[in-house]
Structure formats: C-alpha cells, structure tokens
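> input-v5.cif (mmCIF, C-alpha atoms, pLDDT in the B column; chains and numbers go by the auth columns) pasted underneath:
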```cif
data_upload
#
loop_
_atom_site.group_PDB
_atom_site.id
_atom_site.type_symbol
_atom_site.label_atom_id
_atom_site.label_comp_id
_atom_site.label_asym_id
_atom_site.label_seq_id
_atom_site.Cartn_x
_atom_site.Cartn_y
_atom_site.Cartn_z
_atom_site.B_iso_or_equiv
_atom_site.auth_seq_id
_atom_site.auth_asym_id
ATOM 1 C CA MET A 1 -82.099 23.398 36.127 48.00 471 A
ATOM 2 C CA SER A 2 -78.598 24.317 37.182 51.00 472 A
ATOM 3 C CA GLU A 3 -78.029 26.419 40.244 52.00 473 A
ATOM 4 C CA GLU A 4 -76.074 29.034 38.257 55.00 474 A
ATOM 5 C CA SER A 5 -79.162 29.993 36.253 54.00 475 A
ATOM 6 C CA VAL A 6 -81.436 30.439 39.278 52.00 476 A
ATOM 7 C CA PRO A 7 -81.410 34.050 40.431 53.00 477 A
ATOM 8 C CA ARG A 8 -80.605 34.557 44.085 56.00 478 A
ATOM 9 C CA GLN A 9 -82.737 36.841 46.246 55.00 479 A
ATOM 10 C CA GLY A 10 -79.727 38.808 47.479 55.00 480 A
ATOM 11 C CA LEU A 11 -78.277 39.781 44.090 57.00 481 A
ATOM 12 C CA GLY A 12 -80.157 43.074 43.710 57.00 482 A
ATOM 13 C CA GLU A 13 -79.227 46.336 45.332 63.00 483 A
ATOM 14 C CA PRO A 14 -78.356 45.825 49.015 67.00 484 A
ATOM 15 C CA GLY A 15 -81.330 46.472 51.245 71.00 485 A
ATOM 16 C CA LYS A 16 -83.796 46.704 48.345 77.00 486 A
ATOM 17 C CA PRO A 17 -86.002 43.628 47.849 83.00 487 A
ATOM 18 C CA LYS A 18 -86.825 42.571 44.303 88.00 488 A
ATOM 19 C CA GLY A 19 -90.343 43.042 43.087 95.00 489 A
ATOM 20 C CA LEU A 20 -92.430 40.043 42.112 96.00 490 A
ATOM 21 C CA LEU A 21 -92.391 41.045 38.443 96.00 491 A
ATOM 22 C CA GLN A 22 -88.592 41.262 38.399 96.00 492 A
ATOM 23 C CA GLN A 23 -88.314 37.857 40.081 96.00 493 A
ATOM 24 C CA MET A 24 -90.703 36.327 37.535 97.00 494 A
ATOM 25 C CA GLU A 25 -88.807 37.875 34.610 97.00 495 A
ATOM 26 C CA GLU A 26 -85.516 36.475 35.907 97.00 496 A
ATOM 27 C CA LEU A 27 -87.034 33.038 36.444 97.00 497 A
ATOM 28 C CA MET A 28 -88.563 33.063 32.952 98.00 498 A
ATOM 29 C CA ALA A 29 -85.207 34.067 31.447 98.00 499 A
ATOM 30 C CA ALA A 30 -83.467 31.224 33.293 98.00 500 A
ATOM 31 C CA LEU A 31 -86.166 28.766 32.204 98.00 501 A
ATOM 32 C CA ASN A 32 -85.893 29.938 28.601 98.00 502 A
ATOM 33 C CA ALA A 33 -82.110 29.453 28.658 98.00 503 A
ATOM 34 C CA ASP A 34 -82.479 25.951 30.096 98.00 504 A
ATOM 35 C CA LEU A 35 -85.113 25.021 27.504 98.00 505 A
ATOM 36 C CA SER A 36 -82.921 26.335 24.683 98.00 506 A
ATOM 37 C CA ALA A 37 -80.004 24.239 25.926 97.00 507 A
ATOM 38 C CA LEU A 38 -82.249 21.172 26.229 97.00 508 A
ATOM 39 C CA ASP A 39 -83.585 21.730 22.697 97.00 509 A
ATOM 40 C CA ALA A 40 -80.043 21.943 21.324 96.00 510 A
ATOM 41 C CA ASP A 41 -79.076 18.732 23.156 95.00 511 A
ATOM 42 C CA LEU A 42 -82.127 16.884 21.859 95.00 512 A
ATOM 43 C CA GLN A 43 -81.573 18.065 18.296 94.00 513 A
ATOM 44 C CA SER A 44 -77.923 16.984 18.336 93.00 514 A
ATOM 45 C CA ALA A 45 -78.910 13.609 19.817 92.00 515 A
ATOM 46 C CA GLY A 46 -81.531 13.202 17.089 88.00 516 A
ATOM 47 C CA ARG A 47 -78.994 13.982 14.375 85.00 517 A
ATOM 48 C CA GLY A 48 -76.597 11.451 15.886 81.00 518 A
ATOM 49 C CA ALA A 49 -79.291 8.766 15.865 76.00 519 A
ATOM 50 C CA GLU A 50 -80.202 9.535 12.233 73.00 520 A
ATOM 51 C CA GLU A 51 -76.547 9.321 11.162 74.00 521 A
ATOM 52 C CA SER A 52 -76.076 5.947 12.877 74.00 522 A
ATOM 53 C CA GLU A 53 -79.233 4.550 11.221 72.00 523 A
ATOM 54 C CA THR A 54 -78.045 5.462 7.727 69.00 524 A
ATOM 55 C CA LYS A 55 -74.750 3.569 8.111 62.00 525 A
#
```
Show this structure as structure tokens.

Amino acid sequence: MSEESVPRQGLGEPGKPKGLLQQMEELMAALNADLSALDADLQSAGRGAEESETK
C-alpha cells in the first residue's frame, strides 16, 4: 500500500483527534482503492498473457 493512500493522524481539524470509526472508514477507503488498482493491474496482465498465447 502506498504511503499517499494511508491517512495521517494529524490531517483532521487541529487539536481534535479522529474517532475510531472515522479512522476505520478512511483505512477501508484506502484499502478499497488499492484493491481496485491491483484488480485493474491483474486484469490487464491477464489480457496481455491471453493475447500473447493466441499469436
């Protein structure tokens, strides 16, 4: 997982800690984005392998 997608503790309002639910939602959103990118990479790699087998 890239560092850009991991939410930082200090990004909320200054002096106001994030709640556990908000932290979990942000982590789940980052995980979902990473999984979507991985899925797209795997699908494009699979299409490339299929195209090379048919030649």
> To one decimal place in Å, what is the distance between CA of Ser522 (chain A) and CA of Ala503 (chain A)?
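For CA of Ser522 (chain A) relative to CA of Ala503 (chain A), the distance reads 28.9 Å.
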> Edge lengths and centre, in Å to one decimal, as JSON: that's what I need for the box along x, y and z that holds all listed atoms of region 496-502 of chain A plus 8 Å on each side.

```
{"center_x": -86.0, "center_y": 32.6, "center_z": 32.5, "size_x": 21.1, "size_y": 23.7, "size_z": 23.8}
```
> Between CA of Lys486 (chain A) and CA of Ala500 (chain A), what is the distance, to one decimal in Å?
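It comes out at 21.6 Å.
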> Just give me the gap between CA of Gly485 (chain A) and CA of Ala499 (chain A) in Å, one decimal is fine.
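Separation of CA of Gly485 (chain A) and CA of Ala499 (chain A): 23.7 Å.
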